[in-house]
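Right, one structure below, let's go through it.
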Amino acid sequence: MNEAIANVIKTLFNQDVEVNVTRPEPQFGDASTNVALQLAKPLGKNPREIAEEIAEKLRETGEYEAVDVAGPGFINVTFGSGALLEQISREPSAPRLGETIVIETNNPNPFKAMHIGHAFNAILGDTIANLLAVSGGKVYRVSYHGDVGLHVGKSMYALLRYAAGDFDKIEAISGAERNSFMSKMYAEGSRAYKEDEAAKVEIHDLAEQSFEPKTALYTQIYNLCKAWSFEQIDHLVARLGNQPTVYRFLESDADHRGVDVVKKHVPGVFQESDGALIFKGSEHGSFDNVFVGSNGRGLYAARDLGLMLLKNEQFHPDKSYIVTAEEQRDYFKGVIAAAGLVWPERKDVTVNISTGTVKLSTGKMSSRDGDVIEVAWLFDEFAQAIRERGGEATDEIVAGALRYQFLRVKIGGDVVFNIDDAVSLTGNTGSYLQYAHARARSILDKSNTSFVRPTVVKQEDRALVRKLGEYHEIVTRATEQLEPHHICNYLFELAQEFNRYYEKNQVIGSGSEQHRLGLVALYADTLKAGLAILGIHAPERL
């Protein structure tokens with residue numbers, strides 16, 4: 001449509017313009033443009049006269065059911081059956097074709113429970129990976145985990161006290177108990193760190209030992225509990241519906257690489273201050289940050305530089321995406337600015353996507369003191385709510401409800417939800433859309449009539465077909481902006497449009513059964529495709 005109007009304008013007025021075509025309200029047609037108003041000044045003509053000339057040329061093609069001029073010069077176009085149905089077949093654009101992309105799709109730290117904030121970042125990262133793949137990129141999902149540092153010291157403080165010198169006591173913890181046990185250990189260590197100065201000193205020493213253990217018992221407990229943590233992380237991330245990662249990066253591997261980078265760029269990029277090596281992020285929209293401490297130990301920022309090196313060696317990405325909570329936004333501005341100065345040839349490769357805050361009725365989640373909403377608990381609560389409304393609470397159904405609640409909010413906005421509302425079959429929820437797909441498939445299963453793709457669009461079909469034709473536009477917008485909420489909004493609107501159609505038009509047993517079944521199939525396929533991008537399972541049966 002855009003190109004057709006642009007060609008007409010070139011023929012009539014010898015003007016090269018970018019034509020913006022929008023979808024108006026249905027009563028005004030299927031496409032609308034105000035390009036005549038844009039041309040009025042350069043042509044020195046009345047915009048309505050310009051619009052009439054363009055409209056007449058479009059009518060002469062015979063490709064449109066109607067071309068009308070409204071108001072001061074808006075051109076409204078109504079498509080014929082062929083054009084409307086052709087829009088359903090159009091593929092989304094692929095602007096990232098040929099790009100190599102790395103994205104972190106989960107990054108919970110071992111030695112701590114995986115909580116709702118981790119789930120949010122994992123789900124969002126996985127869905128953005130889907131969008132990047134749909135847009136043509138070669139996408140590598142990876143994970144990054146902090147297996148060294150203060151949080152390890154806190155857990156090891158409690159673990160060593162629990163073991164009391166006997167490794168067998170730790171090894172005896174059953175698989176079913178391990179996640180809650182590790183959560184309890186971290187919470188105990190966190191409390192001791194806050195309340196007991198002697199414990200604080202010991203915890204700092206135990207944190208240092210995560211880099212270089214001093215005893216065999218420390219090494220045994222550390223290695224076992226780290227393995228437990230990753231088993232649990234992999235299990236829970238899979239339950240969330242995420243696709244598996246292809247590589248796991250660790251802070252312990254990134255640490256020395258990052259420290260070496262920082263030291264090699266003093267004083268050019270980093271400056272020495274009281275023995276520490278800092279980056280003046282305040283000059284780059286961030287804040288001044290210590291990359292290497294006065295004791296020579298690398299901090300988070302140095303490790304993130306090391307991680308960039310490791311990613312580049314492993315994948316040579318054109319883009320590398322990191323999804324983090326909003327409170328890390330300014331931190332990453334500084335790290336990315338420093339990386340751009342260290343490696344000018346890779347400037348702008350790393351991109352931080354900052355999320356909002358997750359809230360339940362209990363308020364904001366926190367991982368600093370162990371007082372968190374664990375993912376396993378959240379699954380149980382969703383499952384119970386689904387069963388109470390008579391549904392089957394499989395992991396796929398629970399994950400669908402959970403994922404959608406995160407994804408329907410524009411990135412950067414806070415996610416606030418009530419679990420009962422999140423599994424409702426009457427609102428804008430994942431459960432509603434999963435039910436909508438199963439309902440459409442059940443309509444198809446009930447018919448003994450074969451169906452074919454529609455070849456005409458009847459008047460009663462227009463609103464539904466028009467909505468189906470928007471799919472490629474919405475996916476293109478979501479992939480270009482990396483904002484999955486556009487797909488959520490569209491799928492909900494599509495389901496509502498289908499409900500209106502189904503209420504007014506009998507399918508099974510009607511004289512138009514074969515034709516209408518074809519529309520139902522197109523609707524179900526579109527729902528399934530959109531849910532797949534969101535990482536949500538589309539059940540075939542109610």
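For the structure tokens, the naming scheme is as follows: chains receive sequential letters (A, B, ...) according to their order of presentation, residues are indexed from 1 within each chain, and ligands are indexed from 1 in presentation order.
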
Near segment 129-131 of chain A, counting only C-alpha atoms, which residues have an atom at most 7 Å away, once you skip same-chain residues fewer than 6 positions from it, shown as a ChimeraX atom specification? /A:103,139,479,482,533

Residues just named, written with C-alpha atoms as a PDB file, in the first residue's frame:
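Final output, out.pdb:
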ATOM      1  CA  ILE A 103      21.281 -12.767  24.850  1.00  0.00           C
ATOM      2  CA  VAL A 139      20.389 -16.117  18.302  1.00  0.00           C
ATOM      3  CA  THR A 479      10.614  -7.238  16.742  1.00  0.00           C
ATOM      4  CA  LEU A 482      11.854  -5.562  21.137  1.00  0.00           C
ATOM      5  CA  ILE A 533       6.637 -16.021  20.136  1.00  0.00           C
TER       6      ILE A 533
END

If you run DSSP on the backbone here, which positions in segment 376-442 of chain A get helix (DSSP H, G or I)? Please write them as a PyMOL selection string. chain A and resi 376-388+395-407+419-422+430-442

When you count only C-alpha atoms, which of these residues is closest to Arg408 of chain A: A:Thr127, A:Thr426, A:Gln271, A:Ser135?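 That would be A:Thr127, the residue with the smallest distance to Arg408 of chain A.
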
Would you please work out which residue, of A:Ala187, A:Leu250, A:Leu378, A:Leu150, is nearest to Leu299 of chain A when using only C-alpha atoms? A:Leu150

From A:Leu240, A:Met1, A:Ala302, A:Leu307, residue lying nearest Asn121 of chain A [only C-alpha atoms]: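 Result for the nearest residue to Asn121 of chain A: A:Leu240.
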
Write down as a count of residues only the residues belonging to segment 259-503 of chain A that are assigned strand (DSSP E) by DSSP computed on the backbone. 33

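The space separating atom CA of Gly530 of chain A from atom CA of Asn106 of chain A comes to 22.3 Å.
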
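Distance annotation: of A:Arg453, A:Trp343, A:Ser431, A:Gln38, the residue with the minimal separation from Gly391 of chain A is A:Ser431; atom set is only C-alpha atoms.
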
Have a look at atom CA of Arg462 of chain A and atom CA of Leu519 of chain A and let me know their distance in Å, one decimal.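 Answer for the atom CA of Arg462 of chain A to atom CA of Leu519 of chain A separation: 10.9 Å.
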
Using only C-alpha atoms, which of the listed residues (A:Gly146, A:Gly117, A:Gly29, A:Pro95) sits closest to Tyr64 of chain A?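 Of A:Gly146, A:Gly117, A:Gly29, A:Pro95, the one nearest Tyr64 of chain A, counting only C-alpha atoms, is A:Gly29.
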
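Excluding Thr215 of chain A and any residue on its chain fewer than 4 positions from it, the residues at most 12 Å away by only C-alpha atoms are Leu160, Gly165, Leu206, Gln209, Ser210, Thr219, Gln220, Ile221 and Tyr222 of chain A.
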
Excluding Ala55 of chain A and its own-chain neighbours fewer than 2 positions away, which residues fall within 9 Å of it when counting only C-alpha atoms? Please give them as a PyMOL selection string. chain A and resi 50-53+57-60+67-69+75-77

Which residue is closest to Ala176 of chain A? Choose from A:Ile9, A:Ile487, A:Ile386, A:Ala376 and count only C-alpha atoms. A:Ala376

Measure the distance from atom CA of Asp288 of chain A to atom CA of Tyr331 of chain A in Å and round it to one decimal. 9.3 Å
